[in-house]
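Working notes, structure below.
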Amino acid sequence: MYESLIGEFELDWQLAGKAERTAKHYAAYLRAFTSNCGAATLEAARKWLSQCKSVAVRRKCAQAIRAFGCWAELHGYEVMPWWKAIAVPKELSRPQRTVTEADYEAAVKRSKSARDRALIEVLWSTGLRRSELARLALSDVNFEAGYVVVRQAKNGRPRVVPLAPLARHALRRLMRKQVGGTVFGMSSNAIRQRLRRLGLPSAHAWRRGWAVQALRSGVSEASVRAAAGWSSGAMVVRYTAGLAEELAISEFKRSWTFETRAKRRGAHDPVQG
């Protein structure tokens, strides 16, 4: 019984436009739970969760049970009616590396080839995930309009990401002799290894830095979400939590500058009437 319902749950999750990878992970956790207990009771669930090796794994397993229970209740299936009683443990947040403008400038100096320079510029300009960089094809780059197309994102939906002038220039140099295939000609793991050899932060640290820098420069949260492929503002908050006060100060300073300029223009305008 559970196997067919878990398969249906996984399919509905994907059809709703949610992350395919999350659906697969949740389904795997649910299959592990239901296959290792005689009956899917609240007591059995709590015992199973207590055996998880880490808080992070326990958190994901609890989220899977709650998501499945909520879905079952919504569709009238009388399974795991106790899902609300499953607590999701909090995972202690650890400070994560976020690339800064100084890091970017230092990385440019470390680049040893046209491919290195293009990789750095695209990371700083677009915040693409490592897997998205690896899959980026020559046909996905639109130099005239200034954007790249991510055809297979984490949530399963394609998206368009603006491309800064310096990134466009670096890609032109890299791609001028290429006739097909992917832009960088590297797998996701190869990109990770290349960043390590150059002594540079991970692609995820570049993604966080891109989001922070965009907001700091005045790009709206809605635009950052669209370019990043995030369905809600939760990830924006998560990425910028440590810099919230700095971003607020920057935004207020910009608003004061605009207000001052507007008043100065008004003072010089001739009186109408």
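Every chain in the structure tokens takes a letter, A first, then B, and so on in the order presented; its residues are numbered from 1, and the ligands are numbered from 1 following the presented order.
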
Q.
So that I can check the secondary structure, give me every residue of range 137-249 of chain A assigned strand (DSSP E) by backbone DSSP, as a list of chain:residue names.
A. A:Val141, A:Asn142, A:Tyr147, A:Val148, A:Val149, A:Val150, A:Arg159, A:Val160, A:Val161, A:Pro162

Q: Can you list, as a PyMOL selection string, all residues belonging to range 4-199 of chain A that DSSP tags as alpha helix (DSSP H)?
A: chain A and resi 4-15+20-35+42-50+55-74+101-110+114-126+130-135+165-175+188-197

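Minimum atom-to-atom distance to Ala72 in chain A, evaluated using only C-alpha atoms, belongs to A:Phe9 out of A:Phe9, A:Trp124, A:Tyr29, A:Phe143.
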
Q: Mind checking which residues fall within 10 Å of range 204-213 of chain A, counting only C-alpha atoms, ignoring those fewer than 3 positions away in the same chain, and posting them as JSON, numbers by chain?
A: {"A": [96, 97, 98, 99, 100, 101, 103, 104, 120, 122, 123, 124, 125, 126, 127, 128, 129, 130, 200, 201, 216, 217, 218, 219, 221, 224, 225, 227, 228, 235, 236, 238, 239, 240, 241, 243, 244, 247]}

With N, CA and C atoms retained, export the selected residues as a CSV table (one decimal), in the first residue's frame.
```csv
chain,number,residue,atom,x,y,z
A,96,GLN,N,28.5,30.4,6.8
A,96,GLN,CA,28.9,29.9,5.5
A,96,GLN,C,29.7,31.0,4.7
A,97,ARG,N,30.6,30.5,4.0
A,97,ARG,CA,31.5,31.4,3.2
A,97,ARG,C,30.6,32.2,2.1
A,98,THR,N,30.8,33.5,2.1
A,98,THR,CA,30.1,34.3,1.1
A,98,THR,C,31.2,35.1,0.3
A,99,VAL,N,31.3,34.9,-1.0
A,99,VAL,CA,32.3,35.6,-1.7
A,99,VAL,C,32.0,37.1,-1.7
A,100,THR,N,33.0,37.9,-1.6
A,100,THR,CA,32.9,39.4,-1.6
A,100,THR,C,33.5,39.9,-2.9
A,101,GLU,N,33.3,41.2,-3.1
A,101,GLU,CA,33.9,41.9,-4.2
A,101,GLU,C,35.4,41.8,-4.2
A,103,ASP,N,37.1,39.3,-2.9
A,103,ASP,CA,37.4,37.9,-3.3
A,103,ASP,C,37.3,37.7,-4.8
A,104,TYR,N,36.3,38.4,-5.5
A,104,TYR,CA,36.2,38.3,-6.9
A,104,TYR,C,37.4,38.9,-7.6
A,120,ILE,N,35.1,32.4,-13.6
A,120,ILE,CA,35.0,33.4,-12.5
A,120,ILE,C,33.9,34.5,-12.8
A,122,VAL,N,31.4,34.4,-14.9
A,122,VAL,CA,30.0,33.9,-14.9
A,122,VAL,C,29.5,33.6,-13.5
A,123,LEU,N,30.4,33.0,-12.6
A,123,LEU,CA,30.0,32.8,-11.2
A,123,LEU,C,29.6,34.1,-10.5
A,124,TRP,N,30.4,35.1,-10.7
A,124,TRP,CA,30.1,36.4,-10.1
A,124,TRP,C,28.9,37.1,-10.7
A,125,SER,N,28.7,36.9,-12.0
A,125,SER,CA,27.6,37.6,-12.7
A,125,SER,C,26.3,37.0,-12.6
A,126,THR,N,26.3,35.6,-12.4
A,126,THR,CA,25.0,34.9,-12.5
A,126,THR,C,24.6,34.1,-11.3
A,127,GLY,N,25.6,33.7,-10.5
A,127,GLY,CA,25.3,32.9,-9.3
A,127,GLY,C,24.8,31.5,-9.7
A,128,LEU,N,25.2,31.0,-10.9
A,128,LEU,CA,24.7,29.7,-11.3
A,128,LEU,C,25.3,28.6,-10.4
A,129,ARG,N,24.5,27.5,-10.2
A,129,ARG,CA,24.9,26.4,-9.4
A,129,ARG,C,26.0,25.6,-10.3
A,130,ARG,N,26.8,24.8,-9.6
A,130,ARG,CA,27.9,24.1,-10.3
A,130,ARG,C,27.3,23.2,-11.4
A,200,LEU,N,40.1,28.9,-4.8
A,200,LEU,CA,38.9,29.8,-4.8
A,200,LEU,C,37.8,29.1,-4.0
A,201,PRO,N,36.9,29.9,-3.5
A,201,PRO,CA,35.7,29.4,-2.8
A,201,PRO,C,34.8,28.5,-3.7
A,216,ARG,N,22.8,44.4,-2.6
A,216,ARG,CA,23.5,45.6,-2.1
A,216,ARG,C,23.6,46.7,-3.2
A,217,SER,N,23.5,46.2,-4.5
A,217,SER,CA,23.6,47.2,-5.6
A,217,SER,C,22.2,47.7,-6.0
A,218,GLY,N,21.2,47.3,-5.3
A,218,GLY,CA,19.9,47.9,-5.5
A,218,GLY,C,18.9,47.0,-6.3
A,219,VAL,N,19.4,45.8,-6.7
A,219,VAL,CA,18.5,44.9,-7.4
A,219,VAL,C,17.4,44.4,-6.5
A,221,GLU,N,14.5,42.2,-4.6
A,221,GLU,CA,14.4,40.8,-4.1
A,221,GLU,C,13.7,40.0,-5.1
A,224,VAL,N,16.1,39.1,-7.9
A,224,VAL,CA,17.1,38.1,-7.4
A,224,VAL,C,16.5,36.7,-7.4
A,225,ARG,N,15.2,36.7,-6.9
A,225,ARG,CA,14.6,35.4,-6.8
A,225,ARG,C,14.4,34.8,-8.2
A,227,ALA,N,16.1,35.4,-11.0
A,227,ALA,CA,17.3,35.0,-11.6
A,227,ALA,C,17.9,33.7,-10.9
A,228,ALA,N,17.7,33.6,-9.6
A,228,ALA,CA,18.2,32.5,-8.9
A,228,ALA,C,17.4,31.2,-9.0
A,235,MET,N,14.9,31.7,0.7
A,235,MET,CA,16.3,31.5,0.4
A,235,MET,C,17.1,32.8,0.4
A,236,VAL,N,16.4,33.9,-0.1
A,236,VAL,CA,17.0,35.2,0.0
A,236,VAL,C,17.4,35.6,1.4
A,238,ARG,N,17.7,33.5,3.9
A,238,ARG,CA,18.7,32.6,4.4
A,238,ARG,C,20.1,33.1,4.0
A,239,TYR,N,20.3,33.5,2.7
A,239,TYR,CA,21.6,33.8,2.2
A,239,TYR,C,22.1,35.2,2.7
A,240,THR,N,21.2,36.1,3.1
A,240,THR,CA,21.6,37.4,3.5
A,240,THR,C,21.3,37.7,4.9
A,241,ALA,N,21.0,36.7,5.7
A,241,ALA,CA,20.7,36.9,7.1
A,241,ALA,C,21.8,37.6,7.9
A,243,LEU,N,23.9,39.7,6.8
A,243,LEU,CA,24.2,41.0,6.2
A,243,LEU,C,22.9,41.9,6.2
A,244,ALA,N,21.9,41.5,6.9
A,244,ALA,CA,20.6,42.2,6.8
A,244,ALA,C,20.7,43.6,7.2
A,247,LEU,N,22.6,45.7,4.5
A,247,LEU,CA,21.8,45.9,3.4
A,247,LEU,C,20.7,46.9,3.6
```

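Note that CA of Gly181 in chain A and CA of Leu198 in chain A are 24.4 Å apart.
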
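Going from CA of Val148 in chain A over to CA of Val161 in chain A, you cover 5.4 Å.
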
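Proximity to Pro158 in chain A was assessed for A:Arg58, A:Ala114, A:Phe252, A:Trp230 counting only C-alpha atoms; the smallest distance is recorded for A:Trp230.
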
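Note that CA of Ala85 in chain A and CA of Leu11 in chain A are 25.1 Å apart.
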
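Restricting the calculation to only C-alpha atoms, the smallest distance between Trp13 in chain A and any of A:Gly38, A:Ile65, A:Trp71, A:Glu105 is found for A:Trp71.
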
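For the choices A:Asp116, A:Glu3, A:Glu121, A:Asp140, the atom-to-atom distance to Arg197 in chain A is smallest for A:Asp116 when using only C-alpha atoms.
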
Q. If you count only C-alpha atoms, which residues fall within 10 Å of Cys70 in chain A, apart from same-chain ones fewer than 6 positions away, as a PyMOL selection string?
A. chain A and resi 64+77+79-84

Restricting it to N, CA and C atoms, dump the selection as a PDB file, in the first residue's frame.
```
ATOM      1  N   ALA A  64      10.076  14.746   5.583  1.00  0.00           N
ATOM      2  CA  ALA A  64       9.489  13.824   4.615  1.00  0.00           C
ATOM      3  C   ALA A  64       8.191  13.234   5.150  1.00  0.00           C
ATOM      4  N   TYR A  77      -6.481  10.034   2.135  1.00  0.00           N
ATOM      5  CA  TYR A  77      -5.907   8.731   2.468  1.00  0.00           C
ATOM      6  C   TYR A  77      -5.685   8.653   3.984  1.00  0.00           C
ATOM      7  N   VAL A  79      -3.685   7.463   6.181  1.00  0.00           N
ATOM      8  CA  VAL A  79      -2.374   6.940   6.574  1.00  0.00           C
ATOM      9  C   VAL A  79      -1.608   8.059   7.281  1.00  0.00           C
ATOM     10  N   MET A  80      -0.877   7.689   8.292  1.00  0.00           N
ATOM     11  CA  MET A  80      -0.087   8.643   9.085  1.00  0.00           C
ATOM     12  C   MET A  80      -0.903   9.863   9.525  1.00  0.00           C
ATOM     13  N   PRO A  81      -2.067   9.634  10.143  1.00  0.00           N
ATOM     14  CA  PRO A  81      -2.887  10.775  10.585  1.00  0.00           C
ATOM     15  C   PRO A  81      -2.236  11.567  11.715  1.00  0.00           C
ATOM     16  N   TRP A  82      -1.162  10.999  12.281  1.00  0.00           N
ATOM     17  CA  TRP A  82      -0.449  11.612  13.398  1.00  0.00           C
ATOM     18  C   TRP A  82       0.705  12.509  12.946  1.00  0.00           C
ATOM     19  N   TRP A  83       0.783  12.806  11.638  1.00  0.00           N
ATOM     20  CA  TRP A  83       1.963  13.481  11.090  1.00  0.00           C
ATOM     21  C   TRP A  83       2.266  14.818  11.759  1.00  0.00           C
ATOM     22  N   LYS A  84       1.221  15.511  12.247  1.00  0.00           N
ATOM     23  CA  LYS A  84       1.445  16.815  12.888  1.00  0.00           C
ATOM     24  C   LYS A  84       2.208  16.681  14.203  1.00  0.00           C
TER      25      LYS A  84
END
```
